[in-house]
Structures are given as C-alpha cells and as structure tokens.
>>> print(open('final-v9.json').read())   # JSON, C-alpha atoms
[["chain", "number", "residue", "atom", "x", "y", "z"],
["A", 1, "MET", "CA", 173.30, 86.07, -3.23],
["A", 2, "SER", "CA", 174.35, 88.21, -0.31],
["A", 3, "ALA", "CA", 173.08, 91.31, -2.13],
["A", 4, "ILE", "CA", 169.64, 89.69, -2.42],
["A", 5, "VAL", "CA", 169.68, 88.79, 1.29],
["A", 6, "LEU", "CA", 170.65, 92.36, 2.18],
["A", 7, "GLU", "CA", 167.81, 93.75, 0.05],
["A", 8, "VAL", "CA", 165.31, 91.36, 1.70],
["A", 9, "LEU", "CA", 166.60, 92.35, 5.15],
["A", 10, "ARG", "CA", 166.37, 96.02, 4.20],
["A", 11, "TYR", "CA", 162.75, 95.81, 3.15],
["A", 12, "SER", "CA", 161.73, 93.43, 5.93],
["A", 13, "SER", "CA", 163.06, 95.71, 8.68],
["A", 14, "VAL", "CA", 160.53, 97.47, 10.87],
["A", 15, "ILE", "CA", 162.52, 100.66, 10.51],
["A", 16, "PRO", "CA", 165.17, 101.57, 7.90],
["A", 17, "LEU", "CA", 168.59, 100.58, 9.21],
["A", 18, "ASP", "CA", 170.82, 102.19, 6.57],
["A", 19, "HIS", "CA", 170.85, 105.73, 7.89],
["A", 20, "PRO", "CA", 171.78, 107.42, 11.19],
["A", 21, "ASN", "CA", 169.41, 106.89, 14.09],
["A", 22, "SER", "CA", 166.68, 109.41, 14.95],
["A", 23, "PHE", "CA", 166.29, 110.78, 18.46],
["A", 24, "LEU", "CA", 163.54, 112.06, 20.70],
["A", 25, "THR", "CA", 164.92, 115.19, 22.33],
["A", 26, "TRP", "CA", 163.64, 117.29, 25.23],
["A", 27, "GLY", "CA", 166.29, 119.85, 26.14],
["A", 28, "TRP", "CA", 169.23, 117.94, 27.59],
["A", 29, "PHE", "CA", 167.37, 114.62, 27.45],
["A", 30, "SER", "CA", 167.93, 112.54, 24.35],
["A", 31, "LEU", "CA", 166.58, 109.06, 23.58],
["A", 32, "SER", "CA", 166.83, 107.17, 20.32],
["A", 33, "TYR", "CA", 163.59, 105.89, 18.80],
["A", 34, "SER", "CA", 164.93, 102.33, 18.93],
["A", 35, "ASN", "CA", 165.64, 102.60, 22.67],
["A", 36, "ALA", "CA", 162.24, 104.25, 23.21],
["A", 37, "ILE", "CA", 160.59, 101.28, 21.47],
["A", 38, "VAL", "CA", 162.48, 98.81, 23.72],
["A", 39, "VAL", "CA", 161.51, 100.74, 26.87],
["A", 40, "GLY", "CA", 157.89, 100.79, 25.66],
["A", 41, "LEU", "CA", 157.97, 97.04, 25.04],
["A", 42, "MET", "CA", 159.36, 96.48, 28.55],
["A", 43, "GLY", "CA", 156.51, 98.57, 29.96],
["A", 44, "LEU", "CA", 153.94, 96.58, 28.00],
["A", 45, "THR", "CA", 155.55, 93.30, 29.11],
["A", 46, "PHE", "CA", 155.47, 94.49, 32.73],
["A", 47, "LEU", "CA", 151.76, 95.36, 32.49],
["A", 48, "GLY", "CA", 151.06, 92.05, 30.75],
["A", 49, "ALA", "CA", 152.93, 90.13, 33.45],
["A", 50, "ILE", "CA", 150.68, 91.70, 36.09],
["A", 51, "LEU", "CA", 147.36, 91.58, 34.24],
["A", 52, "ILE", "CA", 147.45, 88.36, 32.19],
["A", 53, "PRO", "CA", 146.26, 85.36, 34.28],
["A", 54, "PHE", "CA", 148.84, 82.64, 34.87],
["A", 55, "PRO", "CA", 147.75, 79.19, 33.63],
["A", 56, "HIS", "CA", 147.00, 76.69, 36.40],
["A", 57, "GLY", "CA", 147.81, 73.47, 34.60],
["A", 58, "SER", "CA", 149.64, 71.69, 37.39],
["A", 59, "ASN", "CA", 148.83, 70.69, 40.94],
["A", 60, "ASN", "CA", 152.42, 71.40, 41.93],
["A", 61, "ARG", "CA", 151.59, 74.99, 42.86],
["A", 62, "GLY", "CA", 149.86, 76.22, 45.92],
["A", 63, "GLY", "CA", 150.62, 73.05, 47.79],
["A", 64, "LYS", "CA", 151.91, 74.84, 50.84],
["B", 1, "MET", "CA", 181.30, 58.70, 74.72],
["B", 2, "THR", "CA", 182.83, 61.94, 73.56],
["B", 3, "ALA", "CA", 181.53, 63.92, 70.62],
["B", 4, "PRO", "CA", 183.67, 63.58, 67.51],
["B", 5, "THR", "CA", 186.05, 66.47, 66.89],
["B", 6, "LYS", "CA", 184.89, 68.59, 63.97],
["B", 7, "ASN", "CA", 187.24, 70.03, 61.46],
["B", 8, "TRP", "CA", 186.46, 73.03, 59.26],
["B", 9, "THR", "CA", 184.98, 70.98, 56.42],
["B", 10, "GLY", "CA", 182.50, 69.34, 58.79],
["B", 11, "ALA", "CA", 181.59, 72.67, 60.36],
["B", 12, "LEU", "CA", 181.13, 74.19, 56.89],
["B", 13, "ARG", "CA", 178.90, 71.29, 55.79],
["B", 14, "GLU", "CA", 176.71, 71.57, 58.87],
["B", 15, "ALA", "CA", 176.46, 75.35, 58.56],
["B", 16, "GLY", "CA", 175.44, 74.92, 54.91],
["B", 17, "LEU", "CA", 172.81, 72.31, 55.76],
["B", 18, "ARG", "CA", 171.44, 74.46, 58.58],
["B", 19, "SER", "CA", 171.24, 77.50, 56.35],
["B", 20, "LEU", "CA", 169.98, 75.76, 53.22],
["B", 21, "PRO", "CA", 168.56, 72.28, 53.81],
["B", 22, "PRO", "CA", 168.08, 70.31, 50.56],
["B", 23, "GLU", "CA", 164.28, 70.70, 50.53],
["B", 24, "ARG", "CA", 164.72, 74.49, 50.68],
["B", 25, "LEU", "CA", 167.55, 74.55, 48.17],
["B", 26, "LEU", "CA", 165.60, 72.57, 45.56],
["B", 27, "PRO", "CA", 161.91, 72.88, 46.48],
["B", 28, "GLU", "CA", 159.19, 70.96, 44.65],
["B", 29, "THR", "CA", 156.42, 73.47, 45.33],
["B", 30, "GLN", "CA", 156.09, 77.22, 45.61],
["B", 31, "PRO", "CA", 153.53, 79.37, 47.44],
["B", 32, "SER", "CA", 150.28, 79.96, 45.54],
["B", 33, "TYR", "CA", 151.06, 83.65, 44.97],
["B", 34, "VAL", "CA", 154.05, 82.67, 42.82],
["B", 35, "ALA", "CA", 151.55, 81.59, 40.12],
["B", 36, "SER", "CA", 151.89, 84.94, 38.31],
["B", 37, "TRP", "CA", 153.80, 85.93, 35.17],
["B", 38, "ILE", "CA", 155.67, 88.61, 37.12],
["B", 39, "TYR", "CA", 157.56, 85.86, 38.98],
["B", 40, "VAL", "CA", 158.78, 84.36, 35.69],
["B", 41, "PHE", "CA", 161.25, 87.10, 34.81],
["B", 42, "GLY", "CA", 163.92, 86.24, 37.37],
["B", 43, "ALA", "CA", 164.13, 82.69, 35.98],
["B", 44, "LEU", "CA", 164.07, 84.10, 32.43],
["B", 45, "THR", "CA", 167.02, 86.34, 33.32],
["B", 46, "MET", "CA", 168.98, 83.34, 34.62],
["B", 47, "ALA", "CA", 168.11, 81.32, 31.49],
["B", 48, "ALA", "CA", 169.43, 84.16, 29.31],
["B", 49, "LEU", "CA", 172.58, 84.29, 31.46],
["B", 50, "GLY", "CA", 173.06, 80.58, 30.75],
["B", 51, "ILE", "CA", 172.89, 81.19, 26.98],
["B", 52, "ILE", "CA", 175.23, 84.18, 27.30],
["B", 53, "THR", "CA", 177.76, 82.07, 29.19],
["B", 54, "ALA", "CA", 177.57, 79.14, 26.76],
["B", 55, "THR", "CA", 177.95, 81.30, 23.63],
["B", 56, "GLY", "CA", 180.61, 83.40, 25.36],
["B", 57, "LEU", "CA", 182.65, 80.27, 26.04],
["B", 58, "VAL", "CA", 182.50, 79.35, 22.33],
["B", 59, "LEU", "CA", 183.51, 82.90, 21.35],
["B", 60, "ALA", "CA", 186.38, 82.78, 23.86],
["B", 61, "VAL", "CA", 187.67, 79.58, 22.26],
["B", 62, "MET", "CA", 187.46, 80.92, 18.71],
["B", 63, "GLY", "CA", 188.65, 84.48, 19.41],
["B", 64, "PRO", "CA", 187.19, 87.98, 19.21],
["B", 65, "THR", "CA", 187.56, 88.36, 15.43],
["B", 66, "TRP", "CA", 186.02, 84.96, 14.51],
["B", 67, "TRP", "CA", 182.61, 86.44, 13.84],
["B", 68, "HIS", "CA", 184.01, 88.82, 11.17],
["B", 69, "HIS", "CA", 184.98, 86.07, 8.74],
["B", 70, "SER", "CA", 182.82, 83.05, 9.61],
["B", 71, "ALA", "CA", 179.07, 82.62, 9.15],
["B", 72, "THR", "CA", 179.04, 80.25, 12.15],
["B", 73, "GLY", "CA", 180.99, 82.82, 14.16],
["B", 74, "HIS", "CA", 178.51, 85.51, 13.15],
["B", 75, "PHE", "CA", 175.64, 83.25, 14.25],
["B", 76, "VAL", "CA", 177.21, 82.50, 17.64],
["B", 77, "ASN", "CA", 178.05, 86.17, 18.11],
["B", 78, "SER", "CA", 174.44, 87.08, 17.31],
["B", 79, "LEU", "CA", 173.19, 84.49, 19.82],
["B", 80, "HIS", "CA", 175.53, 86.10, 22.37],
["B", 81, "LEU", "CA", 174.24, 89.61, 21.59],
["B", 82, "TRP", "CA", 170.53, 88.76, 21.51],
["B", 83, "SER", "CA", 170.68, 86.71, 24.70],
["B", 84, "VAL", "CA", 172.24, 89.79, 26.33],
["B", 85, "GLU", "CA", 169.32, 91.88, 25.01],
["B", 86, "LEU", "CA", 166.88, 89.31, 26.44],
["B", 87, "PHE", "CA", 168.87, 89.22, 29.71],
["B", 88, "PHE", "CA", 168.56, 92.97, 30.26],
["B", 89, "PHE", "CA", 164.95, 93.07, 29.06],
["B", 90, "ALA", "CA", 163.92, 90.35, 31.53],
["B", 91, "MET", "CA", 166.10, 91.76, 34.32],
["B", 92, "VAL", "CA", 164.52, 95.23, 34.03],
["B", 93, "VAL", "CA", 160.97, 93.76, 34.16],
["B", 94, "HIS", "CA", 162.12, 91.64, 37.15],
["B", 95, "LEU", "CA", 163.55, 94.79, 38.79],
["B", 96, "TRP", "CA", 160.32, 96.77, 38.28],
["B", 97, "GLY", "CA", 158.27, 93.89, 39.64],
["B", 98, "LYS", "CA", 160.43, 93.51, 42.75],
["B", 99, "PHE", "CA", 160.59, 97.27, 43.31],
["B", 100, "PHE", "CA", 156.80, 97.62, 43.38],
["B", 101, "MET", "CA", 156.56, 94.53, 45.62],
["B", 102, "ALA", "CA", 159.13, 96.13, 47.99],
["B", 103, "ALA", "CA", 160.95, 92.83, 47.75],
["B", 104, "TRP", "CA", 163.41, 93.82, 50.48],
["B", 105, "ARG", "CA", 160.70, 93.18, 53.10],
["B", 106, "GLY", "CA", 161.01, 90.27, 55.55],
["B", 107, "ASN", "CA", 164.78, 90.33, 56.08],
["B", 108, "ARG", "CA", 165.41, 90.23, 52.32],
["B", 109, "ALA", "CA", 167.59, 93.37, 52.11],
["B", 110, "LEU", "CA", 170.65, 91.36, 51.14],
["B", 111, "THR", "CA", 168.69, 89.62, 48.36],
["B", 112, "TRP", "CA", 167.67, 93.03, 47.00],
["B", 113, "MET", "CA", 171.19, 94.47, 47.26],
["B", 114, "THR", "CA", 172.85, 91.49, 45.55],
["B", 115, "GLY", "CA", 170.35, 92.06, 42.71],
["B", 116, "VAL", "CA", 171.34, 95.73, 42.54],
["B", 117, "VAL", "CA", 175.06, 94.91, 42.49],
["B", 118, "CYS", "CA", 174.49, 92.16, 39.90],
["B", 119, "PHE", "CA", 172.65, 94.65, 37.68],
["B", 120, "MET", "CA", 175.52, 97.15, 37.90],
["B", 121, "ALA", "CA", 178.14, 94.46, 37.23],
["B", 122, "SER", "CA", 176.07, 93.33, 34.23],
["B", 123, "VAL", "CA", 176.08, 96.87, 32.82],
["B", 124, "GLY", "CA", 179.89, 96.89, 33.10],
["B", 125, "THR", "CA", 180.11, 93.48, 31.46],
["B", 126, "ALA", "CA", 177.89, 94.56, 28.57],
["B", 127, "PHE", "CA", 179.89, 97.77, 28.18],
["B", 128, "THR", "CA", 183.23, 95.94, 27.92],
["B", 129, "GLY", "CA", 181.50, 93.54, 25.50],
["B", 130, "TYR", "CA", 180.68, 96.42, 23.17],
["B", 131, "LEU", "CA", 184.32, 97.50, 23.47],
["B", 132, "SER", "CA", 185.45, 93.99, 22.45],
["B", 133, "GLN", "CA", 183.61, 93.84, 19.12],
["B", 134, "THR", "CA", 186.84, 94.63, 17.22],
["B", 135, "ASN", "CA", 185.07, 96.99, 14.80],
["B", 136, "PHE", "CA", 184.46, 100.71, 14.27],
["B", 137, "ASP", "CA", 181.49, 100.63, 16.64],
["B", 138, "ALA", "CA", 183.79, 99.50, 19.46],
["B", 139, "GLN", "CA", 186.29, 102.26, 18.60],
["B", 140, "TRP", "CA", 183.52, 104.87, 18.57],
["B", 141, "ILE", "CA", 182.16, 103.76, 21.95],
["B", 142, "ALA", "CA", 185.67, 103.70, 23.45],
["B", 143, "THR", "CA", 186.49, 107.22, 22.29],
["B", 144, "GLN", "CA", 183.13, 108.50, 23.54],
["B", 145, "ALA", "CA", 183.52, 106.78, 26.92],
["B", 146, "LYS", "CA", 187.14, 107.65, 27.68],
["B", 147, "ASP", "CA", 186.53, 111.27, 28.69],
["B", 148, "GLY", "CA", 183.70, 110.40, 31.06],
["B", 149, "ILE", "CA", 185.68, 107.60, 32.70],
["B", 150, "ASN", "CA", 188.88, 109.67, 32.86],
["B", 151, "SER", "CA", 186.95, 112.47, 34.60],
["B", 152, "THR", "CA", 186.23, 110.06, 37.46],
["B", 153, "GLY", "CA", 189.89, 109.10, 37.83],
["B", 154, "ALA", "CA", 189.13, 105.45, 37.03],
["B", 155, "GLY", "CA", 190.89, 105.82, 33.67],
["B", 156, "ALA", "CA", 194.21, 105.37, 35.47],
["B", 157, "VAL", "CA", 193.48, 101.66, 35.92],
["B", 158, "PHE", "CA", 190.53, 101.13, 33.54],
["B", 159, "ASN", "CA", 191.60, 102.28, 30.07],
["B", 160, "VAL", "CA", 188.74, 101.85, 27.60],
["B", 161, "LEU", "CA", 191.14, 102.45, 24.69],
["B", 162, "ASN", "CA", 193.11, 99.32, 25.67],
["B", 163, "VAL", "CA", 191.35, 96.55, 23.72],
["B", 164, "GLY", "CA", 193.25, 93.75, 25.44],
["B", 165, "GLN", "CA", 192.43, 95.05, 28.91],
["B", 166, "MET", "CA", 188.74, 95.50, 28.04],
["B", 167, "LEU", "CA", 188.56, 92.00, 26.53],
["B", 168, "MET", "CA", 190.07, 90.47, 29.67],
["B", 169, "TRP", "CA", 187.64, 92.36, 31.90],
["B", 170, "HIS", "CA", 184.82, 91.17, 29.64],
["B", 171, "ILE", "CA", 185.73, 87.49, 29.58],
["B", 172, "THR", "CA", 187.23, 86.95, 33.05],
["B", 173, "LEU", "CA", 186.71, 89.43, 35.88],
["B", 174, "LEU", "CA", 183.22, 90.75, 35.16],
["B", 175, "PRO", "CA", 181.58, 87.42, 34.15],
["B", 176, "LEU", "CA", 183.01, 85.86, 37.33],
["B", 177, "ALA", "CA", 181.55, 88.72, 39.36],
["B", 178, "VAL", "CA", 178.14, 88.53, 37.64],
["B", 179, "GLY", "CA", 178.03, 84.74, 37.92],
["B", 180, "ALA", "CA", 179.06, 84.66, 41.59],
["B", 181, "ILE", "CA", 176.62, 87.41, 42.59],
["B", 182, "ALA", "CA", 173.79, 85.81, 40.58],
["B", 183, "VAL", "CA", 174.37, 82.46, 42.34],
["B", 184, "LEU", "CA", 174.44, 84.21, 45.73],
["B", 185, "HIS", "CA", 171.24, 86.08, 44.78],
["B", 186, "VAL", "CA", 169.43, 82.83, 43.90],
["B", 187, "LEU", "CA", 170.69, 81.11, 47.08],
["B", 188, "LEU", "CA", 169.36, 84.02, 49.14],
["B", 189, "VAL", "CA", 165.99, 83.72, 47.37],
["B", 190, "ARG", "CA", 165.98, 80.02, 48.29],
["B", 191, "LYS", "CA", 166.94, 80.78, 51.89],
["B", 192, "ARG", "CA", 164.47, 83.61, 52.55],
["B", 193, "GLY", "CA", 161.76, 82.46, 50.14],
["B", 194, "VAL", "CA", 159.99, 84.50, 47.47],
["B", 195, "VAL", "CA", 158.64, 87.77, 48.86],
["B", 196, "PRO", "CA", 154.90, 87.48, 49.59],
["B", 197, "PRO", "CA", 152.31, 90.03, 48.41],
["B", 198, "PHE", "CA", 151.63, 92.97, 50.74],
["B", 199, "ALA", "CA", 148.33, 91.56, 52.01],
["B", 200, "ASP", "CA", 149.91, 88.24, 53.00],
["B", 201, "ASP", "CA", 152.82, 90.04, 54.62],
["B", 202, "MET", "CA", 150.57, 92.24, 56.73],
["B", 203, "THR", "CA", 148.44, 89.35, 57.95],
["B", 204, "LYS", "CA", 151.59, 87.35, 58.79],
["B", 205, "THR", "CA", 150.54, 84.44, 56.60],
["B", 206, "GLU", "CA", 153.82, 83.99, 54.86],
["B", 207, "VAL", "CA", 153.18, 80.69, 53.15],
["B", 208, "ALA", "CA", 156.78, 80.71, 51.92],
["B", 209, "LYS", "CA", 157.91, 79.60, 55.37]]
>>> encode(input="final-v9.json", output="structure tokens")
Amino acid sequence: MSAIVLEVLRYSSVIPLDHPNSFLTWGWFSLSYSNAIVVGLMGLTFLGAILIPFPHGSNNRGGK
Amino acid sequence: MTAPTKNWTGALREAGLRSLPPERLLPETQPSYVASWIYVFGALTMAALGIITATGLVLAVMGPTWWHHSATGHFVNSLHLWSVELFFFAMVVHLWGKFFMAAWRGNRALTWMTGVVCFMASVGTAFTGYLSQTNFDAQWIATQAKDGINSTGAGAVFNVLNVGQMLMWHITLLPLAVGAIAVLHVLLVRKRGVVPPFADDMTKTEVAK
C-alpha cells in the first residue's frame, strides 16, 4: 500500500524529488530551483496583492 | 475631598487605557485605504503563527520523535512545517509591502523595528526547528552550520551540535521571544494606526486618527 502511495506521490510531484536538488549558479551566488520558485511565487503574490482589486462586500470599511 | 491614592496597578491600568483605549485596541472599522490585498498579509502571518503555536504545543506534548513512528504525528508535524512555510511566505510579502510604503513614517519607527526583530527571531526559531527534526537532515544542517556559528564566537554558548539545547531554544526561548515581539508589534499597529498611503500622508489627511 505504502509503495503505491509513494509511486503516486512520485509521479504527481511537480518536480522529481528522488534525486539531489539542482541549483542556479552565478559565480559565488547559488540558489536552488525550489527556492527560486518560492521567491518567484512571493513576487507574483506581491504584484497580485497590489494589482488585484479588493472586494467591497461590506459597509464596515471606509467608515472613518 | 482628597483624591484617592493610586497604587502601581491603578497607575498601570490608567496608563494602558490612555495609551490603548478599547475602541483603538479592538476597532470595528478601518480607514478606506486598508481595503487592499497588500494589507491582508500581516493578518495572514499572525494566523499562520497561531497554527504553528497550536501544532507546536501538540508536538511538545508528544515529543520530537513522535512523527517518525505515527501517522498522526507525521500529519501534525507536516501541519507545523507547512504553517511555517506559509508564515514566512506571508511575512516576506508583508515586509515588501511595508518597505515600499515606508511604513516607519508617522512616528511608526518602533512598529517597523519590532517587525524587523520579529523576523530575525523567527529565522532563529525556524533554524533551531530544522535542528530538532531528529533525522539525518538535522545532523547535516548542524554540521554545516557549526563552523559559521563558531567563527562568530557564539558557538561557546550556542552549540548547534547539542540537540537538547537546540530543542529547548526552539520550544521555549525563541517562541516566547517571537510571540512577545509579535504581540508588541500588533499593539503598536493598534496604537499608531495602519500607515496611510503617501498621498494621504502628504496632504495630512490621516484617516487612521
């Protein structure tokens, strides 16, 4: 049972998890692809938080 | 009629009420500019901290090796880990947002600095958490970290190879520090109000007041 679950997890992963991590490297600077993806997602979230309109479903805001 | 003599508890209560009256401590409304997603991430960070604390308490009761041999332990440990990931994710977006708002404006320097210190204490807490996993990953991180920490001299009192010491830092000292600073940070936000946008600040129409 657990072997089946592991196989499903293996093939459902976005990236293969059963080998050493890969790194982006510029000279002394080194960043794993997984960390680069997280930083990219944070950047996208930040842009989305600024650009996506906030829903105005309540009259509890802007009262002051 | 003479004024009643105040003792220190009365003075403390009055100072607290002067500094943070109930309507400011628990407001029902916020300024209109707070209706933006960028203002959500501070609250999201605190919500993640709540989940971290709750799951951490369960892990503290059951012990650091529980998650190795129990499916429930593994689940709780995973909740603990992923709420930490969410905590840092939300805190970094919150930090970027506040940095570009120059959120230290309007006598809010202490609010900004408590956020900075809370972030650094959180990094230390997460680090000692990785050292407390009781697995090969923890051993690898400890052996990689020891030389860097020893080069600063801190290794004399902060030994990353000492699992017991790292566990105690992780479950007592650092969570207390993070929790206390986070509470102080939120109280300062309540006291000073949420920082207004630049335009509002320049035209002196701080609706937070």
>>> closest_residue(input="final-v9.json", among="A:Pro20, A:Pro53, A:Gly40, A:Gly27", to="chain B", atoms="all atoms listed in the file")
A:Pro53
>>> closest_residue(input="final-v9.json", among="B:Arg18, B:Lys191, B:Lys98, B:Arg13", to="chain A", atoms="only C-alpha atoms")
B:Lys98
>>> atom_distance(input="final-v9.json", atom1="CA of Met42 in chain A", atom2="CA of Phe41 in chain B")
11.4 Å
>>> residues_around(input="final-v9.json", residues="Val186 in chain B", least_positions_apart="3", cutoff="12 Å", atoms="all atoms listed in the file", output="PyMOL selection string")
chain B and resi 20+24-26+42-43+45-46+108+110-112+114-115+118+179-183+189-194
>>> atom_distance(input="final-v9.json", atom1="CA of Ser22 in chain A", atom2="CA of Arg10 in chain A")
17.2 Å
>>> residues_around(input="final-v9.json", residues="Ser78 in chain B", least_positions_apart="5", cutoff="12 Å", atoms="all atoms listed in the file", output="JSON, numbers by chain")
{"B": [51, 52, 55, 56, 59, 67, 68, 71, 72, 73, 83, 84, 85, 133]}
>>> write_last_selection(input="final-v9.json", atoms="C-alpha atoms", output="compact mmCIF listing (two decimals), keeping the file's coordinate frame")
# COMPACT_ATOMS: atom_id res chain seq x y z
CA ILE B 51 172.89 81.19 26.98
CA ILE B 52 175.23 84.18 27.30
CA THR B 55 177.95 81.30 23.63
CA GLY B 56 180.61 83.40 25.36
CA LEU B 59 183.51 82.90 21.35
CA TRP B 67 182.61 86.44 13.84
CA HIS B 68 184.01 88.82 11.17
CA ALA B 71 179.07 82.62 9.15
CA THR B 72 179.04 80.25 12.15
CA GLY B 73 180.99 82.82 14.16
CA SER B 83 170.68 86.71 24.70
CA VAL B 84 172.24 89.79 26.33
CA GLU B 85 169.32 91.88 25.01
CA GLN B 133 183.61 93.84 19.12
>>> interface_residues(input="final-v9.json", of="chain B", to="chain A", cutoff="7 Å", atoms="only C-alpha atoms", output="CSV table (one decimal) with C-alpha atoms, keeping the file's coordinate frame")
chain,number,residue,atom,x,y,z
B,29,THR,CA,156.4,73.5,45.3
B,30,GLN,CA,156.1,77.2,45.6
B,31,PRO,CA,153.5,79.4,47.4
B,32,SER,CA,150.3,80.0,45.5
B,35,ALA,CA,151.6,81.6,40.1
B,36,SER,CA,151.9,84.9,38.3
B,37,TRP,CA,153.8,85.9,35.2
B,38,ILE,CA,155.7,88.6,37.1
B,89,PHE,CA,165.0,93.1,29.1
B,93,VAL,CA,161.0,93.8,34.2
B,207,VAL,CA,153.2,80.7,53.2
>>> residues_around(input="final-v9.json", residues="range 171-176 of chain B", least_positions_apart="4", cutoff="9 Å", atoms="only C-alpha atoms", output="VMD selection string")
chain B and resid 53 56 to 57 60 121 to 122 124 to 125 128 to 129 166 to 167 180 to 181
>>> atom_distance(input="final-v9.json", atom1="CA of His74 in chain B", atom2="CA of Leu131 in chain B")
16.9 Å
>>> closest_residue(input="final-v9.json", among="B:Val195, B:Val40, B:Leu17, B:Met120", to="Asn107 in chain B", atoms="all atoms listed in the file")
B:Val195
>>> closest_residue(input="final-v9.json", among="B:Val160, B:Pro196, B:Phe75, B:Ala48", to="Asp147 in chain B", atoms="all atoms listed in the file")
B:Val160
